[in-house]
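Below is one structure; the comments refer to it alone.
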Amino acid sequence: MVRKTVYQRPGDPYIYLYVMGEWYCYDPSSTPLGSGAMGTVYLGYCVKDGTPMAIKRVIDTYANNPMIRARAKQEASLAFRHPNLIEMIGYCEYAPNEGPIFLISKYVKGENIDKYLESMADTPSRIDKVCNAVCQVLNALEYIHSRGVVHRDIKPSNIMIEEGYNVRLMDLGIARMNDGNSFSKFGFIGTPQYSAPEQILREKTGMVQINASTDIYALGITFYELLTGRNPFNSEVETDVLTRQLRETLPADKSIPKRLMQVIWKATEKEQSQRFQKASDFRQAIQEAMQPPTSIFTKIKIWFSK
Amino acid sequence: MDLIQIPTPAYLSAFAESRIGGRAENQDSYGWKETPFGFLVTVCDGMGGGPGGKTASSIAVKEIIAGVANGNMEDTTSNILIRAIRRANMAILEYARENPSYSGMGSTCTALLISETCATIAHVGDSRIYQIRGKLKVYRTFDHSMVFDLVKQKVITEEQARLSAQSNVITRALGAKYDVEVDCAVLPFLAGDRFVLCTDGIHGAIPEPQLIEMLSSRSQSLGAVTDDIATTIDGEGHNAGGGHDNLTIAIIETNQNSILKSKMNPRLKILFCATVILCVASIALNIFQATSTAGKNDETQAGTDSAIVNQLKKEKSQLEKKVESLSMEKDSIKKESGKAIRALKKDSANFQQEITDLRKENGELKEKKD
């Protein structure tokens, strides 16, 4: 007998989900915590101890697409444990490969980074806060890249600030293993405003591939947006956004210190090979740019000491 | 699926073929029907999970055929086709609403409604319609896809678009939303023109010039051309490791000219206008050059004339001087001749006197002698 994994009792607003040997529940009539590319996230609980959980219900339209279903399962199966990543618990489907699909992850009490930064617009500490958050995202990227996974949808709405200080990267829904199946044929993968040129122009059988530098490009654009408060390539027409991604360089902005702007330019080079190749290189460049400029005297002193 | 010869009216010949490619299911569908408005052929490419893709494309074909067959007799063929496609869109959405497990399914569509008057074509999504004349592509629909939008903006080439991993991200489809925008065109045709309806499994598999070369082949029958294209693309897909898309193609060849006559091709119009402008410019330039040369000649002539006038004036004054001197000479000669005449007259009178005297003397002498 197949055990029911999705259950609703008469007269009870909660839907119960059986995942990895535990029951979780959520109220579908409650106000969602948010909406992602693939679904709506609700606040749920572990039935056993009442621990708050985040329960994402994949949009039914997508749930019927086998590739998106596979993508959702992949997100749930990424057993990553890192302080800067949302911790996944697992997934649950109404019936094997049929009906609604739910993803359960640990609940993070916090807010999106763009909303978090709104409260500190024009404050002197804003740049430091943004740099610190971006470095934490780079820690998460270094971790998933080392496991052969590319996130492919880095953007402010996928970065959470937990209790005002810890950063958590979320929505690995479209992440894929470097040598895994291609999911691209069911729609544009990523968000045009943050997509690297190779995400747009990559050939089906070409040499250009999505890799760690694709996430670095998207984080470069995100970094710029967090510092300036605006996306540099935004437009009402999606094709215009893609055109600008392919052709335009980020404009310098007075709110970004010159040395930091140089780092962002390198991260957002159109040519993959010209960017930082590793998340750690990007992080180091940010940390160096945030240091006070070294005097010539100090440089000579360092040179002699070598 | 095997090659199918489509039963058509006498002014048409048509063949169609659909293959599964390297997929588990063929989600393409096609159909045809003789209607009061002309002969209808439609090719649709379904998408969506499970049975959704095939269901969507089947609904699209069925509803488009029914929509055209029951069209309003007073309506234009364009409106009939657009209404039929919108009907198909609604039917897909309704089916998905009633059957949640089919939610998210959709379909592209291409439709050709051809009569002896004209050909009316309509499409949604990235399936295409070509009109081939001889070896030339005289018409082609523009895909409703993300990469084709970039082609329109000249950001990437058509070949880059074809090869892009994002090539099947479509911007319009049946079953996506309630108000679907349909692209429609009314085309005239000549005897021998070929209308080609195909899914992206065909046009996305090989470069367009190669496809057009194959489509325009006249060395073999229409059926052989259709089968050859499907076999070549399917074979290449399998040789490349399989997994390639479903492929469907329908070719409709016309055996007579349409009543609607061809308007000048926009390109030809541009060429014609450019030629006219060039000719006008050339004539204007020639006139300008001729005028400026004439002006210069006039100036030269004027210069020459004034020199002649001056010369003549000089000559005239010289002549006048000569005339004056001659008249003076004449006067002096007259004077002298007068004098001489008078002297001669005097001499003559003297001689006459002398003669008279001599005659007198002679008479006296004769008298004396006697």
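Residues in the structure tokens are named by chain (A, B, ... in the order shown) and by number from 1 within that chain; ligands are numbered from 1 in the order shown.
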
Open item on the list: With only C-alpha atoms as the counted atoms, please give the residues lying no more than 7 Å from B:Lys54, apart from itself and same-chain residues fewer than 6 positions off, as a list in words.
Closed with: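 Contacts, in chain order: Asn26, Gln27, Asp28 and Gly46 of chain B.
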
Open item on the list: Taking 2 positions as the minimum chain separation for residues in the same chain, which residues sit within 7 Å of A:Leu250 when counting only C-alpha atoms? Answer as a VMD selection string.
Closed with: chain A and resid 232 248 252 265

TODO: Excluding stretch 83-99 of chain A and residues on its chain fewer than 2 positions from it, collect all residues at most 9 Å away from it, counting only C-alpha atoms, and give them as a ChimeraX atom specification.
DONE: /A:4-7,17-20,60,63-64,66,69,72-73,75-81,101-108,136-137,139-141,166-171 /B:100-101

Task: Distance query stretch 94-96 of chain B at most 10 Å, only C-alpha atoms, self and fewer than 4 positions along chain excluded, as a VMD selection string - done: (chain A and resid 61) or (chain B and resid 52 55 to 56 59 88 to 90 100 to 106 175 178)

Open item on the list: Can you pull out the residues contacting B:Leu215? Cut-off 8 Å, using only C-alpha atoms, and skip same-chain residues under 4 positions away; I want them as a PyMOL selection string.
Closed with: chain B and resi 132+211+225-226+229

Task: Separation of atom CA of A:Gly34 from atom CA of A:Ile210, in Å and rounded to one decimal - done: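 The value is 27.8 Å.
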
Open item on the list: For a quick test of understanding: name the residues of chain B lying within 8 Å of chain A when counting only C-alpha atoms, and present them as JSON, numbers by chain.
Closed with: {"B": [48, 49, 50, 100, 101, 102, 103, 104, 105, 146, 149, 150, 155, 160, 161, 163, 164, 165, 166, 167, 168, 169, 170]}

Open item on the list: From the options B:Lys368, B:Lys137, B:Lys314, B:Lys321, which residue's atoms come nearest to B:Gln210, counting only C-alpha atoms?
Closed with: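 Looking only at the distances to B:Gln210, the closest residue turns out to be B:Lys137.
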
- [ ] Mind giving me the straight-line distance from atom CA of B:Asn310 to atom CA of B:Ala294 in Å, one decimal?
- [x]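 Result for atom CA of B:Asn310 versus atom CA of B:Ala294: 23.7 Å, one decimal.
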
Could you list, as a JSON list (two decimals) with N, CA and C atoms, in the first residue's frame, every residue within 8 Å of A:Ala212, counting only C-alpha atoms and ignoring same-chain residues fewer than 5 positions away?
```json
[["chain", "number", "residue", "atom", "x", "y", "z"],
["A", 145, "HIS", "N", 30.09, 25.91, -5.73],
["A", 145, "HIS", "CA", 30.93, 25.70, -6.92],
["A", 145, "HIS", "C", 31.91, 24.55, -6.69],
["A", 150, "VAL", "N", 26.29, 25.19, -10.18],
["A", 150, "VAL", "CA", 26.21, 26.62, -10.51],
["A", 150, "VAL", "C", 24.80, 27.09, -10.15],
["A", 277, "GLN", "N", 37.71, 34.03, -11.86],
["A", 277, "GLN", "CA", 37.35, 32.65, -12.17],
["A", 277, "GLN", "C", 36.82, 31.90, -10.95],
["A", 278, "LYS", "N", 37.17, 32.43, -9.78],
["A", 278, "LYS", "CA", 36.72, 31.76, -8.55],
["A", 278, "LYS", "C", 36.06, 32.77, -7.62],
["A", 279, "ALA", "N", 35.12, 32.30, -6.84],
["A", 279, "ALA", "CA", 34.43, 33.18, -5.89],
["A", 279, "ALA", "C", 35.44, 33.77, -4.90]]
```

Task: Distance query B:Lys261 at most 10 Å, only C-alpha atoms, self and fewer than 6 positions along chain excluded, as an MDAnalysis selection string - done: chainID B and resid 117:118 187:190

Could you take the residues named above and write them with N, CA and C atoms, as an mmCIF file, in the first residue's frame?
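So the final result, stored in selection-v7.cif, reads:
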```cif
data_model
loop_
_atom_site.group_PDB
_atom_site.id
_atom_site.type_symbol
_atom_site.label_atom_id
_atom_site.label_comp_id
_atom_site.auth_asym_id
_atom_site.auth_seq_id
_atom_site.Cartn_x
_atom_site.Cartn_y
_atom_site.Cartn_z
ATOM 1 N N THR B 117 -7.955 32.299 -55.022
ATOM 2 C CA THR B 117 -7.794 33.764 -54.928
ATOM 3 C C THR B 117 -6.447 34.132 -54.324
ATOM 4 N N CYS B 118 -6.142 33.541 -53.167
ATOM 5 C CA CYS B 118 -4.918 33.926 -52.445
ATOM 6 C C CYS B 118 -4.603 32.885 -51.373
ATOM 7 N N LEU B 187 -1.250 36.381 -48.965
ATOM 8 C CA LEU B 187 -0.175 36.351 -49.955
ATOM 9 C C LEU B 187 -0.692 35.914 -51.326
ATOM 10 N N PRO B 188 -0.247 36.551 -52.393
ATOM 11 C CA PRO B 188 -0.538 36.041 -53.723
ATOM 12 C C PRO B 188 0.465 34.927 -54.039
ATOM 13 N N PHE B 189 0.203 34.136 -55.046
ATOM 14 C CA PHE B 189 1.164 33.077 -55.398
ATOM 15 C C PHE B 189 1.179 32.850 -56.901
ATOM 16 N N LEU B 190 2.253 32.252 -57.350
ATOM 17 C CA LEU B 190 2.398 31.881 -58.760
ATOM 18 C C LEU B 190 2.405 30.359 -58.860
#
```

- [ ] Figure out the distance between atom CA of B:Val124 and atom CA of B:Ala205, please, to one decimal in Å.
- [x] 19.6 Å

- [ ] Considering only C-alpha atoms, state which residue in the set B:Glu236, B:Asp183, B:Glu158, B:Asp245 is at the smallest distance from B:Asp45.
- [x]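 For B:Asp45, the nearest of the given residues is B:Asp245.
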